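A.B. asks: Pasting in a structure now, in structure tokens, and then I'll have a few things to ask.
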Amino acid sequence: MKRRIKRSVIMTLIYCMGIGGLTLFVGALHPVSYADNISKNETDSAGSLSETDNSPENDITLQTFNAVPSPAGTPAPTPTPSPSPTPTPLPVFELKKGGYPEIEKFFEDYYVAVNSCDYTLLQSLVTDPNNIQPYSELEKDTRFLDDIRDITCYVMKSYEEGAYIVYVYHELKYVNIKTTYPKLDKFYLITDKDGNFKIFTSEMDEPLKEYYEGRDNDEKVRELIEKTDEKAQEAINKDEDLRIYLEALNK
């Protein structure tokens with residue numbers, strides 16, 4: 001009898017609470033499992049998002065995106081011009097006394113042509129025959145010239161291939177004058193296409209002209225020029241006849 005009453009009470013209670021209340025009641029018995037499902041899903045989603053954000057592929061995508069050109073209408077940055085290179089100084093070579101037998105032979109022939117007033121030979125030894133001393137002047141200068149002695153070549157290589165700057169020391173012996181007169185001539189000597197030496201008498205371009213003239217300021221060249229000037233002055237002071245002849249010649 002008591003069991004029937006207890007059962008009736010329970011059934012009545014269930015009926016009053018309704019089906020919805022029963023579902024809530026049953027669900028309250030398993031909160032961990034529900035929470036576990038939510039946590040697991042959130043963790044999976046968060047883990048997937050974290051891996052996507054930090055993956056190398058996304059880094060590459062970001063870099064590629066940043067490398068996309070600006071849209072049309074946006075001015076592109078103006079490139080900065082490269083600085084002009086500093087000009088490299090032309091090489092300067094040492095002045096050497098002798099050591100070039102072929103050059104020495106060339107100038108021996110040259111001064112023989114001068115002494116003998118061989119104008120045809122002189123014209124063949126230069127690059128431009130029109131730019132040498134006129135024949136009338138050469139004839140006047142050599143009229144009383146007996147000999148050209150003590151020819152010594154001081155040679156300096158040029159920056160141009162096969163070209164040389166040559167300072168030629170020599171002494172002029174005039175007729176009936178005992179003392180010789182020291183002189184120093186300067187030449188730009190080149191090698192032509194046939195391999196022959198030629199005295200360059202053509203027009204020099206500005207860099208070559210500056211280089212050629214600038215060598216007179218080199219220490220060894222200055223010493224050579226000063227020494228020659230001193231010897232020439234000593235010769236004039238020593239020989240009155242030489243002084244008188246040179247003054248007459250220069251007039």
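Following the order of the structure tokens, first chain is A, next is B, and so on, with residues numbered from 1 inside each chain and ligands from 1 in the order they appear.
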Please, which residues of range 142-206 of chain A, numbered as in this document, come out strand (DSSP E or B) from DSSP, as a JSON list (two decimals) with all heavy atoms, in the first residue's frame?

C.D. replies:
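What landed in states14.json:
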[["chain", "number", "residue", "atom", "x", "y", "z"],
["A", 145, "LEU", "N", 126.77, 76.08, -87.64],
["A", 145, "LEU", "CA", 126.82, 74.94, -86.72],
["A", 145, "LEU", "C", 127.78, 73.90, -87.25],
["A", 145, "LEU", "O", 127.63, 73.39, -88.36],
["A", 145, "LEU", "CB", 125.41, 74.33, -86.57],
["A", 145, "LEU", "CG", 125.26, 73.19, -85.56],
["A", 145, "LEU", "CD1", 125.62, 73.66, -84.16],
["A", 145, "LEU", "CD2", 123.84, 72.63, -85.60],
["A", 146, "ASP", "N", 128.76, 73.58, -86.44],
["A", 146, "ASP", "CA", 129.78, 72.61, -86.84],
["A", 146, "ASP", "C", 129.38, 71.19, -86.49],
["A", 146, "ASP", "O", 129.54, 70.26, -87.29],
["A", 146, "ASP", "CB", 131.11, 72.98, -86.20],
["A", 146, "ASP", "CG", 132.23, 72.07, -86.64],
["A", 146, "ASP", "OD1", 132.18, 71.58, -87.79],
["A", 146, "ASP", "OD2", 133.15, 71.82, -85.84],
["A", 147, "ASP", "N", 128.84, 71.00, -85.27],
["A", 147, "ASP", "CA", 128.54, 69.64, -84.81],
["A", 147, "ASP", "C", 127.54, 69.70, -83.65],
["A", 147, "ASP", "O", 127.42, 70.71, -82.95],
["A", 147, "ASP", "CB", 129.84, 68.96, -84.36],
["A", 147, "ASP", "CG", 129.68, 67.47, -84.15],
["A", 147, "ASP", "OD1", 128.66, 66.91, -84.64],
["A", 147, "ASP", "OD2", 130.53, 66.86, -83.49],
["A", 148, "ILE", "N", 126.84, 68.56, -83.47],
["A", 148, "ILE", "CA", 125.95, 68.38, -82.30],
["A", 148, "ILE", "C", 126.51, 67.19, -81.53],
["A", 148, "ILE", "O", 126.51, 66.06, -82.02],
["A", 148, "ILE", "CB", 124.49, 68.14, -82.71],
["A", 148, "ILE", "CG1", 123.97, 69.33, -83.52],
["A", 148, "ILE", "CG2", 123.61, 67.94, -81.48],
["A", 148, "ILE", "CD1", 122.56, 69.16, -84.03],
["A", 149, "ARG", "N", 126.94, 67.45, -80.28],
["A", 149, "ARG", "CA", 127.67, 66.43, -79.52],
["A", 149, "ARG", "C", 126.95, 66.04, -78.22],
["A", 149, "ARG", "O", 125.99, 66.69, -77.80],
["A", 149, "ARG", "CB", 129.05, 66.97, -79.16],
["A", 149, "ARG", "CG", 129.87, 67.44, -80.35],
["A", 149, "ARG", "CD", 131.17, 68.08, -79.89],
["A", 149, "ARG", "NE", 132.02, 68.49, -81.03],
["A", 149, "ARG", "CZ", 133.17, 69.15, -80.89],
["A", 149, "ARG", "NH1", 133.62, 69.48, -79.68],
["A", 149, "ARG", "NH2", 133.87, 69.48, -81.98],
["A", 150, "ASP", "N", 127.52, 64.97, -77.64],
["A", 150, "ASP", "CA", 127.08, 64.52, -76.31],
["A", 150, "ASP", "C", 125.55, 64.36, -76.21],
["A", 150, "ASP", "O", 124.92, 64.82, -75.25],
["A", 150, "ASP", "CB", 127.57, 65.47, -75.22],
["A", 150, "ASP", "CG", 129.09, 65.55, -75.16],
["A", 150, "ASP", "OD1", 129.75, 64.55, -75.52],
["A", 150, "ASP", "OD2", 129.61, 66.61, -74.76],
["A", 151, "ILE", "N", 124.99, 63.70, -77.19],
["A", 151, "ILE", "CA", 123.53, 63.49, -77.20],
["A", 151, "ILE", "C", 123.17, 62.43, -76.14],
["A", 151, "ILE", "O", 123.65, 61.30, -76.19],
["A", 151, "ILE", "CB", 123.06, 63.03, -78.59],
["A", 151, "ILE", "CG1", 123.39, 64.10, -79.63],
["A", 151, "ILE", "CG2", 121.57, 62.72, -78.59],
["A", 151, "ILE", "CD1", 123.14, 63.66, -81.06],
["A", 152, "THR", "N", 122.34, 62.83, -75.19],
["A", 152, "THR", "CA", 121.93, 61.93, -74.11],
["A", 152, "THR", "C", 120.42, 62.00, -73.96],
["A", 152, "THR", "O", 119.84, 63.08, -73.79],
["A", 152, "THR", "CB", 122.58, 62.32, -72.77],
["A", 152, "THR", "OG1", 124.00, 62.36, -72.95],
["A", 152, "THR", "CG2", 122.23, 61.32, -71.69],
["A", 153, "CYS", "N", 119.78, 60.84, -74.02],
["A", 153, "CYS", "CA", 118.32, 60.78, -73.92],
["A", 153, "CYS", "C", 117.86, 60.44, -72.51],
["A", 153, "CYS", "O", 118.35, 59.47, -71.89],
["A", 153, "CYS", "CB", 117.76, 59.73, -74.89],
["A", 153, "CYS", "SG", 118.02, 60.13, -76.63],
["A", 154, "TYR", "N", 116.94, 61.23, -72.01],
["A", 154, "TYR", "CA", 116.27, 60.96, -70.73],
["A", 154, "TYR", "C", 114.82, 60.62, -71.07],
["A", 154, "TYR", "O", 114.08, 61.48, -71.57],
["A", 154, "TYR", "CB", 116.35, 62.16, -69.81],
["A", 154, "TYR", "CG", 117.77, 62.51, -69.38],
["A", 154, "TYR", "CD1", 118.60, 63.26, -70.20],
["A", 154, "TYR", "CD2", 118.26, 62.07, -68.15],
["A", 154, "TYR", "CE1", 119.90, 63.56, -69.81],
["A", 154, "TYR", "CE2", 119.57, 62.37, -67.75],
["A", 154, "TYR", "CZ", 120.38, 63.12, -68.59],
["A", 154, "TYR", "OH", 121.67, 63.43, -68.20],
["A", 155, "VAL", "N", 114.45, 59.39, -70.81],
["A", 155, "VAL", "CA", 113.18, 58.87, -71.32],
["A", 155, "VAL", "C", 112.20, 58.58, -70.18],
["A", 155, "VAL", "O", 112.56, 58.02, -69.14],
["A", 155, "VAL", "CB", 113.41, 57.58, -72.13],
["A", 155, "VAL", "CG1", 112.09, 57.06, -72.72],
["A", 155, "VAL", "CG2", 114.44, 57.82, -73.24],
["A", 156, "MET", "N", 110.96, 58.96, -70.43],
["A", 156, "MET", "CA", 109.87, 58.67, -69.50],
["A", 156, "MET", "C", 108.70, 58.07, -70.29],
["A", 156, "MET", "O", 108.28, 58.64, -71.30],
["A", 156, "MET", "CB", 109.42, 59.96, -68.80],
["A", 156, "MET", "CG", 108.23, 59.79, -67.87],
["A", 156, "MET", "SD", 107.59, 61.39, -67.28],
["A", 156, "MET", "CE", 109.00, 61.99, -66.35],
["A", 157, "LYS", "N", 108.22, 56.95, -69.85],
["A", 157, "LYS", "CA", 107.07, 56.34, -70.51],
["A", 157, "LYS", "C", 105.83, 57.21, -70.33],
["A", 157, "LYS", "O", 105.65, 57.83, -69.29],
["A", 157, "LYS", "CB", 106.80, 54.94, -69.94],
["A", 157, "LYS", "CG", 107.83, 53.90, -70.31],
["A", 157, "LYS", "CD", 107.58, 52.59, -69.58],
["A", 157, "LYS", "CE", 106.23, 52.00, -69.93],
["A", 157, "LYS", "NZ", 106.00, 50.69, -69.27],
["A", 164, "TYR", "N", 106.34, 57.88, -75.51],
["A", 164, "TYR", "CA", 107.35, 58.30, -74.53],
["A", 164, "TYR", "C", 107.51, 59.82, -74.55],
["A", 164, "TYR", "O", 107.32, 60.47, -75.58],
["A", 164, "TYR", "CB", 108.71, 57.66, -74.86],
["A", 164, "TYR", "CG", 108.67, 56.16, -75.02],
["A", 164, "TYR", "CD1", 108.33, 55.58, -76.25],
["A", 164, "TYR", "CD2", 108.96, 55.32, -73.95],
["A", 164, "TYR", "CE1", 108.29, 54.21, -76.41],
["A", 164, "TYR", "CE2", 108.92, 53.94, -74.11],
["A", 164, "TYR", "CZ", 108.58, 53.39, -75.33],
["A", 164, "TYR", "OH", 108.55, 52.03, -75.48],
["A", 165, "ILE", "N", 107.86, 60.34, -73.39],
["A", 165, "ILE", "CA", 108.29, 61.74, -73.30],
["A", 165, "ILE", "C", 109.81, 61.70, -73.19],
["A", 165, "ILE", "O", 110.35, 61.05, -72.28],
["A", 165, "ILE", "CB", 107.67, 62.44, -72.09],
["A", 165, "ILE", "CG1", 106.15, 62.46, -72.23],
["A", 165, "ILE", "CG2", 108.21, 63.86, -71.96],
["A", 165, "ILE", "CD1", 105.43, 62.99, -71.01],
["A", 166, "VAL", "N", 110.48, 62.37, -74.13],
["A", 166, "VAL", "CA", 111.94, 62.27, -74.20],
["A", 166, "VAL", "C", 112.56, 63.66, -74.07],
["A", 166, "VAL", "O", 112.23, 64.57, -74.84],
["A", 166, "VAL", "CB", 112.39, 61.61, -75.53],
["A", 166, "VAL", "CG1", 113.90, 61.41, -75.52],
["A", 166, "VAL", "CG2", 111.67, 60.28, -75.75],
["A", 167, "TYR", "N", 113.43, 63.79, -73.09],
["A", 167, "TYR", "CA", 114.25, 65.00, -72.94],
["A", 167, "TYR", "C", 115.64, 64.66, -73.47],
["A", 167, "TYR", "O", 116.26, 63.70, -72.99],
["A", 167, "TYR", "CB", 114.33, 65.43, -71.48],
["A", 167, "TYR", "CG", 113.01, 65.85, -70.88],
["A", 167, "TYR", "CD1", 112.12, 64.92, -70.34],
["A", 167, "TYR", "CD2", 112.64, 67.20, -70.85],
["A", 167, "TYR", "CE1", 110.91, 65.30, -69.79],
["A", 167, "TYR", "CE2", 111.44, 67.60, -70.29],
["A", 167, "TYR", "CZ", 110.58, 66.65, -69.76],
["A", 167, "TYR", "OH", 109.38, 67.05, -69.22],
["A", 168, "VAL", "N", 116.09, 65.42, -74.46],
["A", 168, "VAL", "CA", 117.38, 65.12, -75.10],
["A", 168, "VAL", "C", 118.38, 66.24, -74.78],
["A", 168, "VAL", "O", 118.24, 67.38, -75.24],
["A", 168, "VAL", "CB", 117.24, 64.97, -76.63],
["A", 168, "VAL", "CG1", 118.59, 64.56, -77.23],
["A", 168, "VAL", "CG2", 116.17, 63.92, -76.97],
["A", 169, "TYR", "N", 119.36, 65.88, -73.98],
["A", 169, "TYR", "CA", 120.46, 66.80, -73.70],
["A", 169, "TYR", "C", 121.48, 66.69, -74.83],
["A", 169, "TYR", "O", 121.81, 65.59, -75.29],
["A", 169, "TYR", "CB", 121.13, 66.46, -72.37],
["A", 169, "TYR", "CG", 122.36, 67.28, -72.08],
["A", 169, "TYR", "CD1", 122.26, 68.53, -71.46],
["A", 169, "TYR", "CD2", 123.63, 66.82, -72.44],
["A", 169, "TYR", "CE1", 123.39, 69.30, -71.21],
["A", 169, "TYR", "CE2", 124.76, 67.58, -72.20],
["A", 169, "TYR", "CZ", 124.63, 68.82, -71.59],
["A", 169, "TYR", "OH", 125.77, 69.58, -71.35],
["A", 170, "HIS", "N", 121.97, 67.86, -75.30],
["A", 170, "HIS", "CA", 122.99, 67.85, -76.35],
["A", 170, "HIS", "C", 123.78, 69.17, -76.27],
["A", 170, "HIS", "O", 123.33, 70.14, -75.63],
["A", 170, "HIS", "CB", 122.38, 67.69, -77.74],
["A", 170, "HIS", "CG", 121.35, 68.73, -78.06],
["A", 170, "HIS", "ND1", 120.09, 68.73, -77.50],
["A", 170, "HIS", "CD2", 121.38, 69.80, -78.90],
["A", 170, "HIS", "CE1", 119.39, 69.74, -77.97],
["A", 170, "HIS", "NE2", 120.16, 70.42, -78.83],
["A", 171, "GLU", "N", 124.93, 69.20, -76.91],
["A", 171, "GLU", "CA", 125.77, 70.40, -76.91],
["A", 171, "GLU", "C", 126.07, 70.81, -78.35],
["A", 171, "GLU", "O", 126.45, 69.97, -79.18],
["A", 171, "GLU", "CB", 127.06, 70.14, -76.14],
["A", 171, "GLU", "CG", 126.80, 69.87, -74.65],
["A", 171, "GLU", "CD", 128.08, 69.68, -73.85],
["A", 171, "GLU", "OE1", 129.17, 69.79, -74.44],
["A", 171, "GLU", "OE2", 127.99, 69.43, -72.63],
["A", 172, "LEU", "N", 125.87, 72.10, -78.63],
["A", 172, "LEU", "CA", 126.06, 72.64, -79.98],
["A", 172, "LEU", "C", 127.49, 73.22, -80.09],
["A", 172, "LEU", "O", 127.90, 74.04, -79.27],
["A", 172, "LEU", "CB", 125.05, 73.75, -80.26],
["A", 172, "LEU", "CG", 123.57, 73.35, -80.12],
["A", 172, "LEU", "CD1", 122.68, 74.56, -80.36],
["A", 172, "LEU", "CD2", 123.21, 72.22, -81.07],
["A", 173, "LYS", "N", 128.20, 72.77, -81.10],
["A", 173, "LYS", "CA", 129.56, 73.27, -81.37],
["A", 173, "LYS", "C", 129.50, 74.14, -82.63],
["A", 173, "LYS", "O", 129.20, 73.66, -83.72],
["A", 173, "LYS", "CB", 130.52, 72.09, -81.59],
["A", 173, "LYS", "CG", 131.90, 72.50, -82.06],
["A", 173, "LYS", "CD", 132.64, 73.34, -81.02],
["A", 173, "LYS", "CE", 134.08, 73.58, -81.46],
["A", 173, "LYS", "NZ", 134.17, 74.49, -82.65],
["A", 174, "TYR", "N", 129.76, 75.44, -82.44],
["A", 174, "TYR", "CA", 129.71, 76.38, -83.55],
["A", 174, "TYR", "C", 131.10, 76.57, -84.17],
["A", 174, "TYR", "O", 132.13, 76.38, -83.50],
["A", 174, "TYR", "CB", 129.15, 77.72, -83.09],
["A", 174, "TYR", "CG", 127.69, 77.64, -82.65],
["A", 174, "TYR", "CD1", 127.35, 77.66, -81.30],
["A", 174, "TYR", "CD2", 126.68, 77.53, -83.60],
["A", 174, "TYR", "CE1", 126.03, 77.59, -80.91],
["A", 174, "TYR", "CE2", 125.36, 77.46, -83.21],
["A", 174, "TYR", "CZ", 125.03, 77.48, -81.87],
["A", 174, "TYR", "OH", 123.72, 77.39, -81.48],
["A", 181, "TYR", "N", 127.74, 74.79, -76.50],
["A", 181, "TYR", "CA", 126.59, 75.38, -75.81],
["A", 181, "TYR", "C", 125.57, 74.28, -75.48],
["A", 181, "TYR", "O", 124.97, 73.66, -76.36],
["A", 181, "TYR", "CB", 125.96, 76.44, -76.71],
["A", 181, "TYR", "CG", 124.77, 77.14, -76.07],
["A", 181, "TYR", "CD1", 124.94, 77.91, -74.93],
["A", 181, "TYR", "CD2", 123.49, 77.03, -76.62],
["A", 181, "TYR", "CE1", 123.87, 78.57, -74.35],
["A", 181, "TYR", "CE2", 122.41, 77.68, -76.04],
["A", 181, "TYR", "CZ", 122.61, 78.45, -74.91],
["A", 181, "TYR", "OH", 121.55, 79.10, -74.31],
["A", 182, "PRO", "N", 125.33, 74.04, -74.16],
["A", 182, "PRO", "CA", 124.39, 72.99, -73.74],
["A", 182, "PRO", "C", 122.94, 73.38, -74.01],
["A", 182, "PRO", "O", 122.54, 74.53, -73.79],
["A", 182, "PRO", "CB", 124.65, 72.85, -72.25],
["A", 182, "PRO", "CG", 125.99, 73.47, -72.02],
["A", 182, "PRO", "CD", 126.06, 74.60, -73.01],
["A", 183, "LYS", "N", 122.14, 72.41, -74.44],
["A", 183, "LYS", "CA", 120.72, 72.63, -74.68],
["A", 183, "LYS", "C", 119.93, 71.38, -74.26],
["A", 183, "LYS", "O", 120.49, 70.28, -74.17],
["A", 183, "LYS", "CB", 120.43, 72.93, -76.15],
["A", 183, "LYS", "CG", 120.82, 74.34, -76.60],
["A", 183, "LYS", "CD", 120.19, 74.67, -77.95],
["A", 183, "LYS", "CE", 118.68, 74.76, -77.84],
["A", 183, "LYS", "NZ", 118.03, 75.15, -79.13],
["A", 184, "LEU", "N", 118.65, 71.58, -74.04],
["A", 184, "LEU", "CA", 117.77, 70.46, -73.69],
["A", 184, "LEU", "C", 116.49, 70.58, -74.52],
["A", 184, "LEU", "O", 115.76, 71.58, -74.41],
["A", 184, "LEU", "CB", 117.43, 70.48, -72.20],
["A", 184, "LEU", "CG", 116.65, 69.28, -71.66],
["A", 184, "LEU", "CD1", 117.51, 68.01, -71.69],
["A", 184, "LEU", "CD2", 116.18, 69.55, -70.22],
["A", 185, "ASP", "N", 116.22, 69.60, -75.35],
["A", 185, "ASP", "CA", 115.00, 69.57, -76.16],
["A", 185, "ASP", "C", 114.03, 68.54, -75.58],
["A", 185, "ASP", "O", 114.44, 67.54, -74.98],
["A", 185, "ASP", "CB", 115.31, 69.20, -77.61],
["A", 185, "ASP", "CG", 116.09, 70.29, -78.33],
["A", 185, "ASP", "OD1", 116.05, 71.47, -77.88],
["A", 185, "ASP", "OD2", 116.76, 69.97, -79.35],
["A", 186, "LYS", "N", 112.77, 68.80, -75.82],
["A", 186, "LYS", "CA", 111.72, 67.88, -75.32],
["A", 186, "LYS", "C", 110.86, 67.42, -76.48],
["A", 186, "LYS", "O", 110.46, 68.22, -77.34],
["A", 186, "LYS", "CB", 110.87, 68.60, -74.28],
["A", 186, "LYS", "CG", 109.76, 67.75, -73.68],
["A", 186, "LYS", "CD", 108.90, 68.59, -72.74],
["A", 186, "LYS", "CE", 107.78, 67.77, -72.11],
["A", 186, "LYS", "NZ", 106.91, 68.61, -71.24],
["A", 187, "PHE", "N", 110.54, 66.12, -76.49],
["A", 187, "PHE", "CA", 109.75, 65.53, -77.58],
["A", 187, "PHE", "C", 108.70, 64.58, -77.01],
["A", 187, "PHE", "O", 108.90, 63.97, -75.95],
["A", 187, "PHE", "CB", 110.64, 64.74, -78.53],
["A", 187, "PHE", "CG", 111.77, 65.53, -79.13],
["A", 187, "PHE", "CD1", 113.02, 65.58, -78.51],
["A", 187, "PHE", "CD2", 111.61, 66.22, -80.34],
["A", 187, "PHE", "CE1", 114.06, 66.29, -79.07],
["A", 187, "PHE", "CE2", 112.66, 66.93, -80.90],
["A", 187, "PHE", "CZ", 113.89, 66.98, -80.26],
["A", 188, "TYR", "N", 107.62, 64.45, -77.77],
["A", 188, "TYR", "CA", 106.66, 63.38, -77.49],
["A", 188, "TYR", "C", 106.81, 62.37, -78.62],
["A", 188, "TYR", "O", 106.52, 62.66, -79.79],
["A", 188, "TYR", "CB", 105.22, 63.90, -77.44],
["A", 188, "TYR", "CG", 104.26, 62.89, -76.85],
["A", 188, "TYR", "CD1", 104.33, 62.54, -75.50],
["A", 188, "TYR", "CD2", 103.30, 62.26, -77.64],
["A", 188, "TYR", "CE1", 103.46, 61.61, -74.96],
["A", 188, "TYR", "CE2", 102.42, 61.34, -77.11],
["A", 188, "TYR", "CZ", 102.50, 61.02, -75.76],
["A", 188, "TYR", "OH", 101.65, 60.08, -75.21],
["A", 189, "LEU", "N", 107.30, 61.20, -78.27],
["A", 189, "LEU", "CA", 107.63, 60.18, -79.26],
["A", 189, "LEU", "C", 106.59, 59.07, -79.22],
["A", 189, "LEU", "O", 106.29, 58.52, -78.15],
["A", 189, "LEU", "CB", 109.02, 59.60, -78.95],
["A", 189, "LEU", "CG", 109.65, 58.68, -79.99],
["A", 189, "LEU", "CD1", 110.01, 59.47, -81.25],
["A", 189, "LEU", "CD2", 110.91, 58.02, -79.43],
["A", 190, "ILE", "N", 106.06, 58.73, -80.40],
["A", 190, "ILE", "CA", 105.05, 57.67, -80.47],
["A", 190, "ILE", "C", 105.55, 56.55, -81.38],
["A", 190, "ILE", "O", 106.55, 56.69, -82.09],
["A", 190, "ILE", "CB", 103.71, 58.20, -81.00],
["A", 190, "ILE", "CG1", 103.84, 58.59, -82.47],
["A", 190, "ILE", "CG2", 103.21, 59.37, -80.17],
["A", 190, "ILE", "CD1", 102.50, 58.75, -83.18],
["A", 191, "THR", "N", 104.82, 55.45, -81.35],
["A", 191, "THR", "CA", 105.09, 54.33, -82.26],
["A", 191, "THR", "C", 103.93, 54.26, -83.24],
["A", 191, "THR", "O", 102.77, 54.13, -82.83],
["A", 191, "THR", "CB", 105.20, 53.00, -81.49],
["A", 191, "THR", "OG1", 106.18, 53.13, -80.46],
["A", 191, "THR", "CG2", 105.58, 51.86, -82.42],
["A", 197, "PHE", "N", 109.18, 54.74, -84.88],
["A", 197, "PHE", "CA", 109.09, 55.90, -84.02],
["A", 197, "PHE", "C", 108.80, 57.15, -84.86],
["A", 197, "PHE", "O", 109.32, 57.32, -85.97],
["A", 197, "PHE", "CB", 110.40, 56.11, -83.25],
["A", 197, "PHE", "CG", 110.61, 55.11, -82.14],
["A", 197, "PHE", "CD1", 111.80, 54.39, -82.06],
["A", 197, "PHE", "CD2", 109.63, 54.88, -81.19],
["A", 197, "PHE", "CE1", 112.01, 53.48, -81.04],
["A", 197, "PHE", "CE2", 109.83, 53.97, -80.16],
["A", 197, "PHE", "CZ", 111.02, 53.26, -80.09],
["A", 198, "LYS", "N", 107.96, 58.02, -84.29],
["A", 198, "LYS", "CA", 107.67, 59.31, -84.91],
["A", 198, "LYS", "C", 107.60, 60.36, -83.80],
["A", 198, "LYS", "O", 107.05, 60.11, -82.73],
["A", 198, "LYS", "CB", 106.33, 59.28, -85.65],
["A", 198, "LYS", "CG", 106.26, 58.33, -86.84],
["A", 198, "LYS", "CD", 106.90, 58.94, -88.07],
["A", 198, "LYS", "CE", 106.68, 58.04, -89.28],
["A", 198, "LYS", "NZ", 107.24, 58.61, -90.52],
["A", 199, "ILE", "N", 108.16, 61.54, -84.10],
["A", 199, "ILE", "CA", 107.99, 62.66, -83.19],
["A", 199, "ILE", "C", 106.59, 63.21, -83.41],
["A", 199, "ILE", "O", 106.22, 63.53, -84.54],
["A", 199, "ILE", "CB", 109.05, 63.74, -83.44],
["A", 199, "ILE", "CG1", 110.44, 63.19, -83.13],
["A", 199, "ILE", "CG2", 108.77, 64.98, -82.59],
["A", 199, "ILE", "CD1", 111.58, 64.12, -83.55]]

A.B. asks: For Tyr110 in chain A, work out the shell of residues within 12 Å, counting only C-alpha atoms and skipping chain neighbours fewer than 2 positions away, then give it as a PyMOL selection string.

C.D. replies: chain A and resi 103-108+112-126+148+151+168+185+187+197-199

A.B. asks: Could you make a table, as JSON lines, of the residues of range 199-251 of chain A that have an atom within 12 Å of an atom of range 96-102 of chain A, each with its nearest atom pair and distance in Å to one decimal, counting only C-alpha atoms, in chain and number order?

C.D. replies:
{"residue": "A:Lys220", "atom": "CA", "partner": "A:Lys96", "partner_atom": "CA", "distance": 9.2}
{"residue": "A:Val221", "atom": "CA", "partner": "A:Lys96", "partner_atom": "CA", "distance": 10.0}
{"residue": "A:Leu224", "atom": "CA", "partner": "A:Lys97", "partner_atom": "CA", "distance": 10.5}

A.B. asks: Convert the current residue selection to file output with N, CA, C and O atoms, as a PDB file, in the first residue's frame.

C.D. replies:
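Here's the written file again-v7.pdb:
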ATOM      1  N   LYS A 220     112.719  65.033 -60.918  1.00  0.00           N
ATOM      2  CA  LYS A 220     113.919  64.707 -61.701  1.00  0.00           C
ATOM      3  C   LYS A 220     114.025  65.562 -62.961  1.00  0.00           C
ATOM      4  O   LYS A 220     115.136  65.916 -63.382  1.00  0.00           O
ATOM      5  N   VAL A 221     112.894  65.884 -63.546  1.00  0.00           N
ATOM      6  CA  VAL A 221     112.904  66.722 -64.747  1.00  0.00           C
ATOM      7  C   VAL A 221     113.334  68.142 -64.387  1.00  0.00           C
ATOM      8  O   VAL A 221     114.137  68.764 -65.106  1.00  0.00           O
ATOM      9  N   LEU A 224     116.993  68.232 -64.029  1.00  0.00           N
ATOM     10  CA  LEU A 224     117.662  68.173 -65.334  1.00  0.00           C
ATOM     11  C   LEU A 224     117.619  69.533 -66.033  1.00  0.00           C
ATOM     12  O   LEU A 224     118.628  69.982 -66.598  1.00  0.00           O
TER      13      LEU A 224
END

A.B. asks: Which of these, A:Thr142, A:Ser202, A:Asn130, A:Asn196, has the shortest distance to Val175 in chain A once you count only C-alpha atoms?

C.D. replies: A:Thr142

A.B. asks: Between CA of Ile132 in chain A and CA of Arg222 in chain A, what distance in Å does the model show, to one decimal?

C.D. replies: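 A separation of 25.6 Å between them.
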